[in-house]
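Beneath this line is the structure, given in structure tokens, with notes to follow.
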Number of protein chains: 2
Amino acid sequence: MKYKVIFYPDNIQIKVEEGENLLRAAMIAGVCLNASCGGDGTCGKCRVIIEKGIVEQQSTGRLTTKEIEQGYVLACLSKVGSDLEVRIPSESRLGKFIERKAPSASHMLIARGWEEYLSSWKMSPPVQKFYIEMSPPSLDDNTDDLRRIKRTLSKTHGLKEEVDIDLSILKYMVRILREANWRVTVTLVEFDSHTKIIKIEAGDTTGKNYAVAVDIGTTTIGARLINLSKQVAGAQGSKYNAQASCGADVISRMIFSCKKDGLVKLQSLVVDTISELIAELVSKAGIEFSDISCLILAGNTIMTHLFFGLSPKYIREAPYIPTATNFPWIKAKDFGMNIFEEVYAYCFPCVASYVGGDVVAGVIASGMSRSNKLTLFIDVGTNGEIVLGNADWLLACSCSAGPAFEGGGVKHGMRAIKGAIEQIRIDRNTYEPMILTIGQTKPVGICGSGLIDALAEMFLSKIVDQRGKINVNIDCPRVREGEHRPEYVLVWANETANGKDIVVTEVDIDNLIRAKAAIFAGISVLLESANVNASDIEEIFIAGAFGNYLEIERVQVIGLLPECPFEKVKFVGNGSLAGASLGSLSKEILLEAKEVAEKMAYVELSADAKFMDKYISALFLPHTNIELFPTVMKELKNK
Amino acid sequence: MKYKVIFYPDNIQIKVEEGENLLRAAMIAGVCLNASCGGDGTCGKCRVIIEKGIVEQQSTGRLTTKEIEQGYVLACLSKVGSDLEVRIPSESRLGKFIERKAPSASHMLIARGWEEYLSSWKMSPPVQKFYIEMSPPSLDDNTDDLRRIKRTLSKTHGLKEEVDIDLSILKYMVRILREANWRVTVTLVEFDSHTKIIKIEAGDTTGKNYAVAVDIGTTTIGARLINLSKQVAGAQGSKYNAQASCGADVISRMIFSCKKDGLVKLQSLVVDTISELIAELVSKAGIEFSDISCLILAGNTIMTHLFFGLSPKYIREAPYIPTATNFPWIKAKDFGMNIFEEVYAYCFPCVASYVGGDVVAGVIASGMSRSNKLTLFIDVGTNGEIVLGNADWLLACSCSAGPAFEGGGVKHGMRAIKGAIEQIRIDRNTYEPMILTIGQTKPVGICGSGLIDALAEMFLSKIVDQRGKINVNIDCPRVREGEHRPEYVLVWANETANGKDIVVTEVDIDNLIRAKAAIFAGISVLLESANVNASDIEEIFIAGAFGNYLEIERVQVIGLLPECPFEKVKFVGNGSLAGASLGSLSKEILLEAKEVAEKMAYVELSADAKFMDKYISALFLPHTNIELFPTVMKELKNK
């Protein structure tokens with residue numbers, strides 16, 4: 001249910017979901033409040049008056065009885081419970097109130113839930129459980145145990161009898177059948193046109209059938225539990241890829257893999273990270289390891305190779321050849337995932353050395369590969385991958401963006417987890433920030449979407465110039481000389497989780513600008529290769545583990561994307577994880593993934609001189625040629 | 001090329017292959033010579049005169065120059081080199097010369113070469129090698145290594161691109177491809193509708209593509225190397241199944257398997273025996289282990305279970321249920337066969353607990369399952385299995401014959417290998433024997449066909465009576481009281497390989513009679529179940545690792561088979577090994593094996609009261625009711 005919220009004196013009206021946090025509603029509306037604690041309720045600055053309607057409040061000691069009587073609430077502790085009229089007292093406002101001519105809410109993109117895409121696919125998980133009840137054998141019906149199972153599966157579930165089985169299952173099956181009095185649940189995996197029994201359990205365990213979808217990122221590994229019987233997501237989590245200790249990016253990992261025992265170490269590190277992550281999900285969800293039937297993973301080509309223990313040696317050397325782009329279904333145990341007895345794992349197919357299964361998964365999840373619209377897909381991870389096309393053709397490239405947007409190589413960068421600052425507004429006059437953290441707890445660091453906001457806001461408020469240099473002449477204690485270069489204090493130590501200032505440094509900004517420039521240049525090359533203009537693009541999908549929100553104006557202010565009408569842009573969130581989640585629920589998706597990977601043509605940027613030109617031109621905010629960004633230009637002039 | 005040999009004064013004429021041994025030719029002709037050394041050339045007694053024609057002789061010190069001038073040769077050292085006329089001097093003859101009314105050669109069955117059956121099948125081995133030459137990758141053709149292989153296989157050999165691969169191969173493939181300059185041989189296994197790459201080798205190794213066909217017998221394991229590229233057999237060998245140390249028959253093995261670590265021990269014993277056997281074949285053939293691409297095995301249901309490490313617990317207990325009768329293709333390494341890196345193994349499907357893959361293999365090899373004739377198939381091993389039917393229906397049963405016909409439970413019994421006495425004649429008056437050994441070397445013991453001959457000849461010469469009792473009143477030093485019961489000395493110590501008498505004891509005879517009675521009773525029950533008479537049978541196949549020759553008259557004298565015209569009977573030799581050999585060369589055969597196993601109806605004898613009656617009636621030579629054996633009756637009267 002959606003409610004209308006009007007903020008006074010701004011007179012801005014937005015619609016939000018029931019239960020939306022009021023501080024976030026203000027952020028979405030573009031109404032900036034004092035909120036230096038990230039929405040934790042501790043600074044007590046975001047006081048607003050509810051003039052009409054109901055909010056659901058958490059109690060706070062920051063308001064007097066009298067204030068409460070007058071209708072005061074802390075926005076960060078209030079949830080929208082009806083249509084609302086909210087007045088912002090001047091002391092709560094970030095900066096002075098400026099009446100806007102045509103007040104409008106910002107274009108906040110919320111990561112679309114991957115479940116939304118489910119309906120367009122045939123739901124038939126590659127790994128399924130079937131409960132069967134058999135009549136016990138007798139002298140008159142002395143069929144062997146395995147055939148009895150196949151016969152019953154065929155009779156009661158219409159499955160073909162040509163079913164393969166692992167020896168390990170044959171070994172224990174006999175006992176289970178008799179202990180369970182011939183009532184068992186059979187788990188089957190189906191790939192290509194091959195079906196295999198991978199587990200036999202006593203009784204009816206069809207309700208306990210989980211997949212784990214995994215995004216094997218270079219910097220961050222994300223995982224989600226999928227309840228295959230109910231077709232819904234369960235627990236979710238992420239962890240830094242432990243391989244980071246062997247190198248921050250894919251190039252350094254590949255170099256490490258060629259050292260003695262390097263490959264084995266890298267494989268065991270990623271496998272351990274995934275295993276730990278799964279252990280967390282299992283514990284969070286209160287299920288058993290044995291309730292998990294399969295893993296569906298998606299990663300870039302190098303991550304996928306390292307996960308399989310395949311040397312990426314020839315990916316690194318020209319002509320950059322992967323061992324494989326389609327990978328077999330493999331027992332998780334064969335990866336050294338000893339937490340599983342009988343679980344099979346499948347990795348999304350890759351396209352080329354630098355366009356991997358994560359991109360294929362994201363493209364599938366976005367629906368781009370079934371769309372007739374000319375679509376641009378951007379996956380911002382440690383590498384930036386860009387895909388242009390539609391249901392008929394797909395063109396892809398990859399550019400080394402670096403891990404900045406995942407919080408890597410940024411002083412207080414962090415993953416998009418609880419405590420990460422994901423939304424920022426900076427007052428144009430006072431340079432005071434409004435911040436919101438994931439989970440609305442004390443800020444720990446800044447995640448991808450926070451960094452985009454930070455860069456955009458610092459640029460719009462002229463704390464940084466077009467070249468990304470911090471203006472140290474600004475008269476504000478938040479702008480100061482840092483250890484090496486100037487920095488901006490986003491949160492003072494007394495408001496942070498660890499009691500230290502959270503800053504954005506000029507070095508951080510350099511890294512962010514290089515990352516966005518690489519992506520913008522990649523997009524430009526793809527458009528040229530396909531002989532289309534930016535204005536021809538009908539839909540843009542942004543994927544990446546930034547956070548839950550992405551404000552498209554801010555994305556365009558920093559020049560990450562060509563300017564385009566906001567409504568064309570959609571935020572996929574972690575596309576790789578979304579695709580892997582979908583794949584765990586649909587054989588059809590896994591089949592289409594193969595086709596998409598096959599269809600996608602790869603444009604090698606390292607061999608493209610135009611890329612370097614375009615990259616250098618994009619090393620400005622928003623771009624050397626500001627004419628390309630008329631809306632940003634207008635906003636800068638308005639100021 | 002066949003030659004005509006006439007023996008005088010008997011005036012018996014036979015046709016034999018060029019190069020046939022002259023002593024064996026005499027045996028086949030029914031002309032009995034003194035030959036106490038097994039045909040080794042040491043006793044010098046089998047002197048014959050070549051009156052016409054050419055023999056190829058080995059030199060001997062047993063003949064004087066004068067004798068040689070007169071045309072004397074030792075039959076055992078002579079090979080037929082043309083049409084011959086041979087005179088038997090009276091001193092060389094076993095017993096007195098008796099002129100026969102209608103002299104005729106005996107009906108010696110020679111084990112048919114399994115290659116003879118090949119022509120009726122489509123030759124397309126389940127494991128094949130393909131040599132491919134690829135263009136190296138470049139920036140313009142940056143297809144991944146695996147797809148490059150699949151693409152080339154598809155282009156040059158018309159294979160479908162849906163090919164699975166093991167991770168272990170992906171790991172080393174990359175290096176091989178580059179070291180071999182993109183010229184490699186790919187080994188593929190195809191089962192069900194699934195194709196898998198199981199090996200990649202540098203250069204063209206298509207000429208080095210061997211299968212090992214294995215008969216996993218309870219007592220004896222036989223193996224044969226098959227050159228898949230030339231479709232011919234290579235080295236062959238056999239070994240006692242080392243499991244024998246845990247029990248002589250399947251029942252005692254099953255009991256052992258239920259003890260602590262029993263199953264693991266039994267599996268490792270059979271795997272070790274097979275591994276050693278393969279090592280012998282590899283060394284004999286002068287090939288490498290890596291030249292072997294697959295193992296095709298056939299064994300009874302219990303042997304197959306133990307080979308897979310599957311507990312036969314419920315085979316032993318009513319209602320006698322196997323874990324499976326169809327088994328998956330499995331890496332030989334997964335059986336603990338560490339001699340192989342990338343070899344896959346497949347076991348012939350079984351029918352029921354006591355009718356196994358060895359019988360299915362034999363039935364396929366004999367051609368019975370494609371024949372329109374009413375056929376009886378008998379596999380005499382440690383168990384006796386009997387199949388009745390034709391292309392439309394198949395009825396099978398199993399009876400515990402014991403290992404007597406494989407030389408087990410018989411004092412001087414042995415496998416059908418070099419030194420085993422395989423043919424015996426005993427003079428009706430002097431009780432002196434003529435013996436021929438496999439390989440014509442000094443006798444070591446007696447194999448299955450020798451035991452059948454021994455029993456038949458001892459019965460015909462009245463050394464044993466209808467009940468199998470040795471007549472100790474016979475005035476002949478060869479008939480004597482043994483350690484426990486009477487015995488007949490087949491070879492005196494001075495003529496044997498180990499310097500000890502080779503005897504046939506009354507206990508041995510008891511065991512042989514029990515074995516033949518069980519088989520005869522099984523046949524009778526099957527005939528009754530199918531509602532047909534023995535005389536309706538149009539063809540009989542006898543399979544078993546007896547030896548190379550089986551004389552059908554002798555088989556009928558002991559009452560192993562119902563009497564029938566000799567020409568209906570064919571000797572398959574080791575049917576299980578023949579079927580496994582054929583299977584290694586033809587996917588079609590493996591497919592048909594599944595169908596045959598499925599089609600075969602099993603008759604459980606343990607639940608059949610008639611079986612015991614028939615068994616007891618058959619515990620006589622040839623049978624309680626001698627009217628069933630009119631030919632034998634006539635021969636006994638003639639004497």
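Chain labels run A, B, ... following the order of the structure tokens; each chain numbers its residues from 1, and ligands are numbered from 1 in the order shown.
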
May I have the residues of chain B within 6 Å of chain A, counting only C-alpha atoms, written as a list in words?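 My answer is Ser138, Leu139, Asn142, Asp144, Asp145, Leu146, Lys171, Leu310, Pro319, Ile321, Pro322, Thr323 and Ala324 of chain B.
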
Could you please take those selected residues and save N, CA, C and O atoms as a PDB file, in the first residue's frame?
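What follows is the written file out-v4.pdb:
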ATOM      1  N   SER B 138      43.591 -16.719 -31.924  1.00  0.00           N
ATOM      2  CA  SER B 138      44.171 -15.414 -32.223  1.00  0.00           C
ATOM      3  C   SER B 138      43.185 -14.364 -31.717  1.00  0.00           C
ATOM      4  O   SER B 138      42.092 -14.702 -31.268  1.00  0.00           O
ATOM      5  N   LEU B 139      43.560 -13.103 -31.823  1.00  0.00           N
ATOM      6  CA  LEU B 139      42.635 -12.050 -31.378  1.00  0.00           C
ATOM      7  C   LEU B 139      41.358 -12.091 -32.207  1.00  0.00           C
ATOM      8  O   LEU B 139      40.284 -11.749 -31.729  1.00  0.00           O
ATOM      9  N   ASN B 142      39.097 -15.855 -30.900  1.00  0.00           N
ATOM     10  CA  ASN B 142      39.454 -16.044 -29.490  1.00  0.00           C
ATOM     11  C   ASN B 142      38.489 -16.974 -28.758  1.00  0.00           C
ATOM     12  O   ASN B 142      38.248 -16.827 -27.568  1.00  0.00           O
ATOM     13  N   ASP B 144      37.233 -20.057 -26.724  1.00  0.00           N
ATOM     14  CA  ASP B 144      37.927 -20.740 -25.632  1.00  0.00           C
ATOM     15  C   ASP B 144      38.381 -22.135 -26.051  1.00  0.00           C
ATOM     16  O   ASP B 144      37.892 -22.691 -27.038  1.00  0.00           O
ATOM     17  N   ASP B 145      39.315 -22.678 -25.296  1.00  0.00           N
ATOM     18  CA  ASP B 145      39.941 -23.951 -25.666  1.00  0.00           C
ATOM     19  C   ASP B 145      38.927 -25.082 -25.825  1.00  0.00           C
ATOM     20  O   ASP B 145      38.981 -25.849 -26.783  1.00  0.00           O
ATOM     21  N   LEU B 146      38.016 -25.190 -24.871  1.00  0.00           N
ATOM     22  CA  LEU B 146      37.071 -26.306 -24.901  1.00  0.00           C
ATOM     23  C   LEU B 146      36.161 -26.219 -26.119  1.00  0.00           C
ATOM     24  O   LEU B 146      35.937 -27.207 -26.818  1.00  0.00           O
ATOM     25  N   LYS B 171      41.569 -29.271 -16.487  1.00  0.00           N
ATOM     26  CA  LYS B 171      42.751 -28.750 -15.796  1.00  0.00           C
ATOM     27  C   LYS B 171      44.032 -28.952 -16.601  1.00  0.00           C
ATOM     28  O   LYS B 171      44.892 -28.090 -16.601  1.00  0.00           O
ATOM     29  N   LEU B 310      29.161 -52.350  -3.429  1.00  0.00           N
ATOM     30  CA  LEU B 310      27.768 -52.300  -2.973  1.00  0.00           C
ATOM     31  C   LEU B 310      27.475 -53.533  -2.121  1.00  0.00           C
ATOM     32  O   LEU B 310      27.796 -54.655  -2.514  1.00  0.00           O
ATOM     33  N   PRO B 319      13.339 -61.140   0.138  1.00  0.00           N
ATOM     34  CA  PRO B 319      13.079 -61.694  -1.202  1.00  0.00           C
ATOM     35  C   PRO B 319      14.212 -61.493  -2.212  1.00  0.00           C
ATOM     36  O   PRO B 319      13.937 -61.408  -3.398  1.00  0.00           O
ATOM     37  N   ILE B 321      16.870 -59.107  -3.098  1.00  0.00           N
ATOM     38  CA  ILE B 321      16.790 -57.907  -3.941  1.00  0.00           C
ATOM     39  C   ILE B 321      18.173 -57.275  -4.142  1.00  0.00           C
ATOM     40  O   ILE B 321      18.838 -56.899  -3.176  1.00  0.00           O
ATOM     41  N   PRO B 322      18.598 -57.132  -5.376  1.00  0.00           N
ATOM     42  CA  PRO B 322      19.865 -56.421  -5.631  1.00  0.00           C
ATOM     43  C   PRO B 322      19.670 -54.909  -5.437  1.00  0.00           C
ATOM     44  O   PRO B 322      18.546 -54.400  -5.538  1.00  0.00           O
ATOM     45  N   THR B 323      20.761 -54.214  -5.168  1.00  0.00           N
ATOM     46  CA  THR B 323      20.703 -52.749  -5.097  1.00  0.00           C
ATOM     47  C   THR B 323      20.301 -52.192  -6.455  1.00  0.00           C
ATOM     48  O   THR B 323      19.464 -51.313  -6.566  1.00  0.00           O
ATOM     49  N   ALA B 324      20.959 -52.711  -7.489  1.00  0.00           N
ATOM     50  CA  ALA B 324      20.672 -52.256  -8.845  1.00  0.00           C
ATOM     51  C   ALA B 324      20.987 -53.387  -9.797  1.00  0.00           C
ATOM     52  O   ALA B 324      21.699 -54.333  -9.444  1.00  0.00           O
TER      53      ALA B 324
END

Neighbour list for segment 532-543 of chain A as a ChimeraX atom specification, cut-off 9 Å, only C-alpha atoms, skip fewer than 2 positions in-chain: /A:111,362-363,366,368,373-381,388,523-524,526-530,545-546,562-564,567-576

Tell me which protein, DNA and RNA residues are within 12 Å of Ile626 of chain B, counting only C-alpha atoms, leaving out same-chain ones fewer than 3 positions away, and put them as a VMD selection string. chain B and resid 466 556 to 559 562 to 563 617 to 623 629 to 636

Residue contacts of Ile50 of chain A (12 Å, only C-alpha atoms) excluding same-chain residues fewer than 6 positions away, as a PyMOL selection string: chain A and resi 5-8+22+56-57+67-75+78-89

For the residues in that selection, give me C-alpha atoms as a PDB file, in the first residue's frame.
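Saved file again_15.pdb follows:
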ATOM      1  CA  VAL A   5       3.616  12.364   2.069  1.00  0.00           C
ATOM      2  CA  ILE A   6       3.739  16.186   1.786  1.00  0.00           C
ATOM      3  CA  PHE A   7       6.693  18.052   3.233  1.00  0.00           C
ATOM      4  CA  TYR A   8       6.213  21.712   4.331  1.00  0.00           C
ATOM      5  CA  LEU A  22      10.311   9.021   7.223  1.00  0.00           C
ATOM      6  CA  GLU A  56       4.630   4.433  13.794  1.00  0.00           C
ATOM      7  CA  GLN A  57       7.351   5.598  16.199  1.00  0.00           C
ATOM      8  CA  GLU A  67       7.572  18.360  22.105  1.00  0.00           C
ATOM      9  CA  ILE A  68       5.796  15.050  21.710  1.00  0.00           C
ATOM     10  CA  GLU A  69       2.503  16.763  22.552  1.00  0.00           C
ATOM     11  CA  GLN A  70       3.258  19.338  19.866  1.00  0.00           C
ATOM     12  CA  GLY A  71       3.565  16.569  17.290  1.00  0.00           C
ATOM     13  CA  TYR A  72       7.367  16.308  17.137  1.00  0.00           C
ATOM     14  CA  VAL A  73       8.897  13.011  16.065  1.00  0.00           C
ATOM     15  CA  LEU A  74      12.402  11.946  15.019  1.00  0.00           C
ATOM     16  CA  ALA A  75      12.061  11.266  11.275  1.00  0.00           C
ATOM     17  CA  SER A  78       9.239   7.021  12.311  1.00  0.00           C
ATOM     18  CA  LYS A  79       7.528   4.840   9.745  1.00  0.00           C
ATOM     19  CA  VAL A  80       4.879   6.105   7.381  1.00  0.00           C
ATOM     20  CA  GLY A  81       1.512   4.715   8.544  1.00  0.00           C
ATOM     21  CA  SER A  82      -0.945   6.807   6.527  1.00  0.00           C
ATOM     22  CA  ASP A  83      -1.029   9.801   4.187  1.00  0.00           C
ATOM     23  CA  LEU A  84       1.073  12.419   5.945  1.00  0.00           C
ATOM     24  CA  GLU A  85       1.656  16.142   6.150  1.00  0.00           C
ATOM     25  CA  VAL A  86       5.050  16.839   7.657  1.00  0.00           C
ATOM     26  CA  ARG A  87       6.550  20.184   8.597  1.00  0.00           C
ATOM     27  CA  ILE A  88      10.314  20.650   8.767  1.00  0.00           C
ATOM     28  CA  PRO A  89      11.304  23.130  11.505  1.00  0.00           C
TER      29      PRO A  89
END

Taking only segment 95-336 of chain A into account, list the residues labelled alpha helix (DSSP H) by DSSP (computed from the backbone), as a PyMOL selection string. chain A and resi 115-118+145-157+167-179+250-257+262-285+301-308+313-316

Could you give me, as JSON, numbers by chain, the residues within 6 Å of Gly299 of chain A, counting only C-alpha atoms and dropping anything in the same chain fewer than 4 positions from it? {"A": [215, 216, 217, 303, 304, 357, 358]}

Long-range neighbours of segment 120-129 of chain B as a compact mmCIF listing (two decimals) with all heavy atoms, in the first residue's frame, 8 Å cut-off, only C-alpha atoms, 4 positions minimum in chain:
# COMPACT_ATOMS: atom_id res chain seq x y z
N THR B 185 44.46 -35.82 -29.66
CA THR B 185 43.48 -36.90 -29.79
C THR B 185 42.53 -36.82 -28.60
O THR B 185 42.97 -36.75 -27.46
CB THR B 185 44.18 -38.26 -29.83
OG1 THR B 185 45.08 -38.26 -30.94
CG2 THR B 185 43.17 -39.39 -29.98
N VAL B 186 41.25 -36.79 -28.91
CA VAL B 186 40.22 -36.66 -27.88
C VAL B 186 39.52 -38.01 -27.72
O VAL B 186 39.11 -38.61 -28.71
CB VAL B 186 39.18 -35.59 -28.27
CG1 VAL B 186 38.13 -35.43 -27.18
CG2 VAL B 186 39.86 -34.26 -28.56
N THR B 187 39.43 -38.48 -26.49
CA THR B 187 38.71 -39.73 -26.23
C THR B 187 37.34 -39.40 -25.67
O THR B 187 37.22 -38.61 -24.74
CB THR B 187 39.49 -40.60 -25.23
OG1 THR B 187 40.83 -40.73 -25.68
CG2 THR B 187 38.86 -41.98 -25.10
N LEU B 188 36.33 -39.99 -26.27
CA LEU B 188 34.94 -39.72 -25.86
C LEU B 188 34.26 -41.00 -25.43
O LEU B 188 34.43 -42.04 -26.06
CB LEU B 188 34.14 -39.16 -27.05
CG LEU B 188 34.46 -37.75 -27.53
CD1 LEU B 188 33.77 -37.50 -28.86
CD2 LEU B 188 34.00 -36.73 -26.51
N VAL B 189 33.49 -40.91 -24.37
CA VAL B 189 32.63 -42.04 -24.01
C VAL B 189 31.19 -41.62 -24.27
O VAL B 189 30.82 -40.46 -24.04
CB VAL B 189 32.83 -42.48 -22.53
CG1 VAL B 189 32.49 -41.38 -21.55
CG2 VAL B 189 31.96 -43.71 -22.22
N GLU B 190 30.41 -42.53 -24.82
CA GLU B 190 29.01 -42.21 -25.09
C GLU B 190 28.14 -43.23 -24.38
O GLU B 190 28.29 -44.44 -24.57
CB GLU B 190 28.76 -42.25 -26.61
CG GLU B 190 27.45 -41.60 -26.98
CD GLU B 190 27.18 -41.63 -28.47
OE1 GLU B 190 28.15 -41.63 -29.26
OE2 GLU B 190 25.99 -41.70 -28.84
N PHE B 191 27.25 -42.75 -23.53
CA PHE B 191 26.31 -43.67 -22.89
C PHE B 191 24.97 -42.97 -22.76
O PHE B 191 24.91 -41.76 -22.67
CB PHE B 191 26.80 -44.17 -21.53
CG PHE B 191 27.25 -43.11 -20.58
CD1 PHE B 191 26.38 -42.58 -19.66
CD2 PHE B 191 28.56 -42.66 -20.61
CE1 PHE B 191 26.81 -41.62 -18.76
CE2 PHE B 191 29.00 -41.69 -19.71
CZ PHE B 191 28.11 -41.16 -18.80
N THR B 205 46.92 -40.39 -31.33
CA THR B 205 47.05 -41.67 -30.60
C THR B 205 45.87 -42.58 -30.93
O THR B 205 45.60 -43.52 -30.19
CB THR B 205 47.09 -41.44 -29.07
OG1 THR B 205 45.79 -40.96 -28.67
CG2 THR B 205 48.13 -40.42 -28.67
N THR B 206 45.20 -42.29 -32.04
CA THR B 206 44.01 -43.09 -32.36
C THR B 206 44.36 -44.57 -32.55
O THR B 206 43.53 -45.44 -32.34
CB THR B 206 43.29 -42.57 -33.62
OG1 THR B 206 44.26 -42.39 -34.65
CG2 THR B 206 42.59 -41.26 -33.36
N ASN B 209 44.30 -47.42 -28.93
CA ASN B 209 43.01 -47.32 -28.26
C ASN B 209 42.54 -48.72 -27.89
O ASN B 209 42.03 -49.46 -28.72
CB ASN B 209 42.00 -46.63 -29.19
CG ASN B 209 40.71 -46.26 -28.46
OD1 ASN B 209 40.69 -46.20 -27.24
ND2 ASN B 209 39.66 -46.03 -29.22
N LEU B 228 40.73 -51.43 -30.10
CA LEU B 228 39.49 -50.82 -30.59
C LEU B 228 39.66 -50.23 -31.99
O LEU B 228 38.70 -50.15 -32.75
CB LEU B 228 39.00 -49.74 -29.63
CG LEU B 228 38.56 -50.23 -28.24
CD1 LEU B 228 38.17 -49.05 -27.36
CD2 LEU B 228 37.38 -51.19 -28.34
N SER B 293 41.55 -47.25 -22.89
CA SER B 293 40.52 -46.20 -22.79
C SER B 293 39.34 -46.60 -21.93
O SER B 293 38.69 -45.75 -21.36
CB SER B 293 39.99 -45.84 -24.17
OG SER B 293 41.01 -45.43 -25.01
N CYS B 294 39.04 -47.88 -21.89
CA CYS B 294 37.89 -48.28 -21.06
C CYS B 294 37.95 -49.74 -20.65
O CYS B 294 38.70 -50.52 -21.22
CB CYS B 294 36.57 -47.99 -21.79
SG CYS B 294 36.19 -49.13 -23.11
N GLY B 583 30.98 -56.00 -26.40
CA GLY B 583 30.44 -54.74 -25.89
C GLY B 583 31.44 -53.59 -25.99
O GLY B 583 31.07 -52.44 -26.20
N SER B 584 32.71 -53.92 -25.86
CA SER B 584 33.72 -52.86 -25.93
C SER B 584 33.81 -52.30 -27.34
O SER B 584 34.33 -51.22 -27.55
CB SER B 584 35.09 -53.38 -25.49
OG SER B 584 35.63 -54.23 -26.49
N LEU B 585 33.29 -53.04 -28.29
CA LEU B 585 33.39 -52.62 -29.69
C LEU B 585 32.09 -52.07 -30.24
O LEU B 585 32.04 -51.62 -31.38
CB LEU B 585 33.83 -53.81 -30.56
CG LEU B 585 35.30 -54.15 -30.46
CD1 LEU B 585 35.58 -55.53 -31.04
CD2 LEU B 585 36.15 -53.10 -31.15
N SER B 586 31.02 -52.14 -29.47
CA SER B 586 29.74 -51.74 -30.04
C SER B 586 28.78 -51.19 -28.99
O SER B 586 28.34 -51.93 -28.10
CB SER B 586 29.10 -52.93 -30.76
OG SER B 586 27.79 -52.63 -31.13
N LYS B 587 28.46 -49.93 -29.12
CA LYS B 587 27.43 -49.30 -28.28
C LYS B 587 26.12 -50.06 -28.41
O LYS B 587 25.37 -50.20 -27.46
CB LYS B 587 27.16 -47.87 -28.76
CG LYS B 587 28.19 -46.86 -28.43
CD LYS B 587 27.64 -45.47 -28.68
CE LYS B 587 27.45 -45.16 -30.16
NZ LYS B 587 28.51 -44.35 -30.74
N GLU B 588 25.86 -50.51 -29.65
CA GLU B 588 24.62 -51.21 -29.94
C GLU B 588 24.49 -52.44 -29.04
O GLU B 588 23.40 -52.74 -28.54
CB GLU B 588 24.66 -51.64 -31.41
CG GLU B 588 23.33 -51.99 -32.00
CD GLU B 588 23.48 -52.70 -33.35
OE1 GLU B 588 24.63 -52.99 -33.76
OE2 GLU B 588 22.46 -52.97 -33.98
N ILE B 589 25.59 -53.12 -28.82
CA ILE B 589 25.56 -54.32 -27.97
C ILE B 589 25.24 -53.93 -26.53
O ILE B 589 24.44 -54.58 -25.85
CB ILE B 589 26.90 -55.08 -28.08
CG1 ILE B 589 26.96 -55.74 -29.46
CG2 ILE B 589 27.04 -56.10 -26.96
CD1 ILE B 589 28.25 -56.47 -29.75

Residues flagged strand (DSSP E) by DSSP in segment 299-523 of chain A, as a PyMOL selection string: chain A and resi 299+330-331+344-347+375-380+384-389+394-399+420-426+433-437+445-446+479-481+486-491+502-505

Residues at most 12 Å from Asn494 of chain A, counting only C-alpha atoms, excluding those fewer than 2 positions away in the same chain, as a list in words? Ser36, Cys37, Thr42, Cys43, Lys442, Pro443, Val444, Leu490, Val491, Trp492, Thr496, Ala497, Asn498, Gly499, Lys500, Asp501 and Ile502 of chain A
